[in-house]
Amino acid sequence: MKRGGFYLTGFLLLMAFDTVGAISFKFAGMHALPVEANAAWLLRLFEKPWVYGAVAGYIGAFFTWMGLLRHAPIGPAFAASHLEVVSVTLLSVWLFHEPLTLPHALGAVAIVAGIVCLGLDESRTAAAAPA
Amino acid sequence: MPPLTFGLWLANVLLDTGGQLAFKAAASDPAAGDGLARWLHMARRPWLWLGIGCYVLEFLAWIAFLSLLPLSRAILLGSINIVAVMVAGRLLFGEKLTRLRVAGIALVTLGVAIVGAGG
């Protein structure tokens with residue numbers, strides 16, 4: 001059970017860092033439009049504060065992830081870390097007034113169901129494997 | 001999806017998968033030891049740096065991708081990374097693909113296809 005608590009705390013922390021990162025990424029991109037493969041785009045990107053929020057989210061997620069990866073198999077751990085799609089989808093409807101269309105909602109349900117399958121598989125594998 | 005958006009999506013999947021595999025190779029080295037010694041051990045080998053290189057490029061590809069699409073749509077399309085990493089984990093590290101895991105991969109792929117086709 002100690003290991004379960006370690007994973008839960010780690011994944012929640014990872015989800016929080018990933019969510020902050022994704023929202024900051026979106027703001028960074030919005031403030032640097034239009035997208036161009038040149039220095040002007042990079043300059044527009046890095047002169048605004050948003051990109052640094054995204055970097056902070058990345059760094060936090062990186063160290064949390066490296067700690068988790070030491071014991072967790074990469075596939076299921078990666079899947080569990082992707083549950084931030086739920087928090088990010090809800091926050092972008094609220095923050096950016098993005099519409100939730102029917103195909104969008106159906107796709108989201110299928111993706112979350114898939115992630116849940118992978119999470120269930122992980123707990124089964126963890127229960128079966130020797131510590 | 002316009003070609004630029006699709007290209008950025010593809011670049012993001014490839015760089016993310018490459019980065020994850022490099023980090024797994026760095027983190028799971030049994031000779032690495034503990035604490036600071038573990039980080040020094042990883043810093044002297046290419047895997048950690050390869051992973052960081054992939055992530056720096058992915059960082060730019062992802063921002064460009066996100067500024068072309070609504071965030072809620074982009075984050076769902078990015079879920080294909082789960083499938084890519086899992087398949088690569090199977091091929092390179094011999095990780096098991098159970099029935100439940102295959103079902104999960106199929107559902108995520110289906111969801112990404114629905115969101116991608118849904119305009």
# chains A, B, ... in the order shown; residues from 1 in each chain; ligands from 1
>>> residues_around(residues="segment 60-66 of chain A", least_positions_apart="6", cutoff="7 Å", atoms="only C-alpha atoms", output="list in words")
Gly10, Leu14, Phe17 and Asp18 of chain A; Ala27 of chain B
>>> interface_residues(of="chain B", to="chain A", cutoff="7 Å", atoms="only C-alpha atoms", output="ChimeraX atom specification")
/B:24,27-28,63-64,66-67,70-72,75-76,82,85-86,89,100-101,103-105,107-108,110-112,114-115,118
>>> write_last_selection(atoms="N, CA and C atoms", output="PDB file, in the first residue's frame")
ATOM      1  N   LYS B  24      13.616   6.529 -20.402  1.00  0.00           N
ATOM      2  CA  LYS B  24      13.464   5.193 -19.808  1.00  0.00           C
ATOM      3  C   LYS B  24      14.825   4.480 -19.799  1.00  0.00           C
ATOM      4  N   ALA B  27      16.818   6.146 -17.008  1.00  0.00           N
ATOM      5  CA  ALA B  27      16.341   5.943 -15.637  1.00  0.00           C
ATOM      6  C   ALA B  27      16.428   4.494 -15.181  1.00  0.00           C
ATOM      7  N   SER B  28      16.358   3.544 -16.118  1.00  0.00           N
ATOM      8  CA  SER B  28      16.279   2.151 -15.692  1.00  0.00           C
ATOM      9  C   SER B  28      17.640   1.455 -15.697  1.00  0.00           C
ATOM     10  N   ILE B  63       4.091  24.045 -29.019  1.00  0.00           N
ATOM     11  CA  ILE B  63       3.560  25.416 -28.927  1.00  0.00           C
ATOM     12  C   ILE B  63       2.976  25.828 -30.277  1.00  0.00           C
ATOM     13  N   ALA B  64       3.702  25.524 -31.362  1.00  0.00           N
ATOM     14  CA  ALA B  64       3.222  25.881 -32.698  1.00  0.00           C
ATOM     15  C   ALA B  64       1.900  25.159 -32.982  1.00  0.00           C
ATOM     16  N   LEU B  66      -0.281  23.968 -30.785  1.00  0.00           N
ATOM     17  CA  LEU B  66      -1.333  24.485 -29.905  1.00  0.00           C
ATOM     18  C   LEU B  66      -1.868  25.826 -30.364  1.00  0.00           C
ATOM     19  N   SER B  67      -1.011  26.639 -31.009  1.00  0.00           N
ATOM     20  CA  SER B  67      -1.518  27.944 -31.410  1.00  0.00           C
ATOM     21  C   SER B  67      -2.363  27.851 -32.676  1.00  0.00           C
ATOM     22  N   PRO B  70      -7.728  24.694 -31.152  1.00  0.00           N
ATOM     23  CA  PRO B  70      -8.224  24.878 -29.776  1.00  0.00           C
ATOM     24  C   PRO B  70      -7.504  23.909 -28.829  1.00  0.00           C
ATOM     25  N   LEU B  71      -7.183  24.379 -27.624  1.00  0.00           N
ATOM     26  CA  LEU B  71      -6.411  23.564 -26.675  1.00  0.00           C
ATOM     27  C   LEU B  71      -7.096  22.239 -26.355  1.00  0.00           C
ATOM     28  N   SER B  72      -8.442  22.282 -26.167  1.00  0.00           N
ATOM     29  CA  SER B  72      -9.145  21.057 -25.766  1.00  0.00           C
ATOM     30  C   SER B  72      -9.034  19.994 -26.869  1.00  0.00           C
ATOM     31  N   ILE B  75      -5.059  18.793 -27.073  1.00  0.00           N
ATOM     32  CA  ILE B  75      -4.606  17.921 -25.973  1.00  0.00           C
ATOM     33  C   ILE B  75      -5.127  16.499 -26.206  1.00  0.00           C
ATOM     34  N   LEU B  76      -6.336  16.377 -26.785  1.00  0.00           N
ATOM     35  CA  LEU B  76      -6.874  15.044 -27.070  1.00  0.00           C
ATOM     36  C   LEU B  76      -6.103  14.387 -28.210  1.00  0.00           C
ATOM     37  N   ILE B  82       0.449   8.227 -26.132  1.00  0.00           N
ATOM     38  CA  ILE B  82       0.324   7.070 -25.244  1.00  0.00           C
ATOM     39  C   ILE B  82       0.512   5.786 -26.050  1.00  0.00           C
ATOM     40  N   VAL B  85       4.167   5.422 -27.441  1.00  0.00           N
ATOM     41  CA  VAL B  85       5.147   5.036 -26.429  1.00  0.00           C
ATOM     42  C   VAL B  85       4.944   3.576 -26.005  1.00  0.00           C
ATOM     43  N   MET B  86       3.659   3.169 -25.899  1.00  0.00           N
ATOM     44  CA  MET B  86       3.383   1.809 -25.452  1.00  0.00           C
ATOM     45  C   MET B  86       3.853   0.777 -26.480  1.00  0.00           C
ATOM     46  N   GLY B  89       7.546   0.755 -26.310  1.00  0.00           N
ATOM     47  CA  GLY B  89       7.985   0.069 -25.082  1.00  0.00           C
ATOM     48  C   GLY B  89       7.958  -1.442 -25.273  1.00  0.00           C
ATOM     49  N   LEU B 100      -6.152  -6.212 -21.940  1.00  0.00           N
ATOM     50  CA  LEU B 100      -6.688  -4.940 -21.449  1.00  0.00           C
ATOM     51  C   LEU B 100      -5.882  -3.775 -22.025  1.00  0.00           C
ATOM     52  N   ARG B 101      -4.582  -3.989 -22.140  1.00  0.00           N
ATOM     53  CA  ARG B 101      -3.710  -2.950 -22.667  1.00  0.00           C
ATOM     54  C   ARG B 101      -3.994  -2.723 -24.153  1.00  0.00           C
ATOM     55  N   ALA B 103      -6.888  -3.293 -25.563  1.00  0.00           N
ATOM     56  CA  ALA B 103      -8.190  -2.614 -25.600  1.00  0.00           C
ATOM     57  C   ALA B 103      -7.995  -1.113 -25.342  1.00  0.00           C
ATOM     58  N   GLY B 104      -7.157  -0.784 -24.369  1.00  0.00           N
ATOM     59  CA  GLY B 104      -6.883   0.621 -24.054  1.00  0.00           C
ATOM     60  C   GLY B 104      -6.274   1.351 -25.240  1.00  0.00           C
ATOM     61  N   ILE B 105      -5.300   0.713 -25.880  1.00  0.00           N
ATOM     62  CA  ILE B 105      -4.649   1.307 -27.051  1.00  0.00           C
ATOM     63  C   ILE B 105      -5.676   1.532 -28.165  1.00  0.00           C
ATOM     64  N   LEU B 107      -8.972   1.930 -27.875  1.00  0.00           N
ATOM     65  CA  LEU B 107      -9.914   2.999 -27.505  1.00  0.00           C
ATOM     66  C   LEU B 107      -9.290   4.381 -27.669  1.00  0.00           C
ATOM     67  N   VAL B 108      -8.025   4.522 -27.228  1.00  0.00           N
ATOM     68  CA  VAL B 108      -7.352   5.818 -27.358  1.00  0.00           C
ATOM     69  C   VAL B 108      -7.203   6.183 -28.836  1.00  0.00           C
ATOM     70  N   LEU B 110      -9.037   5.116 -31.360  1.00  0.00           N
ATOM     71  CA  LEU B 110     -10.370   5.428 -31.868  1.00  0.00           C
ATOM     72  C   LEU B 110     -10.761   6.862 -31.486  1.00  0.00           C
ATOM     73  N   GLY B 111     -10.548   7.218 -30.216  1.00  0.00           N
ATOM     74  CA  GLY B 111     -10.891   8.561 -29.733  1.00  0.00           C
ATOM     75  C   GLY B 111     -10.136   9.642 -30.494  1.00  0.00           C
ATOM     76  N   VAL B 112      -8.835   9.426 -30.717  1.00  0.00           N
ATOM     77  CA  VAL B 112      -8.013  10.407 -31.446  1.00  0.00           C
ATOM     78  C   VAL B 112      -8.525  10.534 -32.886  1.00  0.00           C
ATOM     79  N   ILE B 114     -11.611   9.987 -33.931  1.00  0.00           N
ATOM     80  CA  ILE B 114     -12.901  10.705 -33.912  1.00  0.00           C
ATOM     81  C   ILE B 114     -12.664  12.215 -33.782  1.00  0.00           C
ATOM     82  N   VAL B 115     -11.789  12.590 -32.838  1.00  0.00           N
ATOM     83  CA  VAL B 115     -11.511  14.026 -32.635  1.00  0.00           C
ATOM     84  C   VAL B 115     -10.834  14.617 -33.871  1.00  0.00           C
ATOM     85  N   GLY B 118     -13.361  15.002 -36.647  1.00  0.00           N
ATOM     86  CA  GLY B 118     -14.520  15.817 -36.267  1.00  0.00           C
ATOM     87  C   GLY B 118     -14.410  17.304 -36.539  1.00  0.00           C
TER      88      GLY B 118
END
>>> atom_distance(atom1="atom CA of Ile52 of chain B", atom2="atom CA of Gly19 of chain B")
6.8 Å
>>> atom_distance(atom1="atom CA of Cys54 of chain B", atom2="atom CA of Leu43 of chain A")
20.9 Å
>>> atom_distance(atom1="atom CA of Phe6 of chain A", atom2="atom CA of Gly78 of chain B")
26.4 Å
>>> select_by_dssp(residues="segment 24-96 of chain A", states="helix (DSSP H, G or I)", output="JSON, numbers by chain")
{"A": [24, 25, 26, 27, 28, 29, 30, 39, 40, 41, 42, 43, 44, 45, 46, 50, 51, 52, 53, 54, 55, 56, 57, 58, 59, 60, 61, 62, 63, 64, 65, 66, 67, 68, 69, 74, 75, 76, 77, 78, 79, 80, 81, 84, 85, 86, 87, 88, 89, 90, 91, 92, 93, 94, 95, 96]}
>>> closest_residue(among="B:Ala106, B:Leu40, B:Phe59, B:Phe65", to="Asp16 of chain B", atoms="only C-alpha atoms")
B:Phe59
>>> closest_residue(among="B:Gly94, B:Pro2, B:Gly33, B:Gly18", to="Gly51 of chain B", atoms="only C-alpha atoms")
B:Gly18
>>> residues_around(residues="Leu8 of chain B", least_positions_apart="2", cutoff="8 Å", atoms="only C-alpha atoms", output="ChimeraX atom specification")
/B:4-6,10-12,61-62,64-65
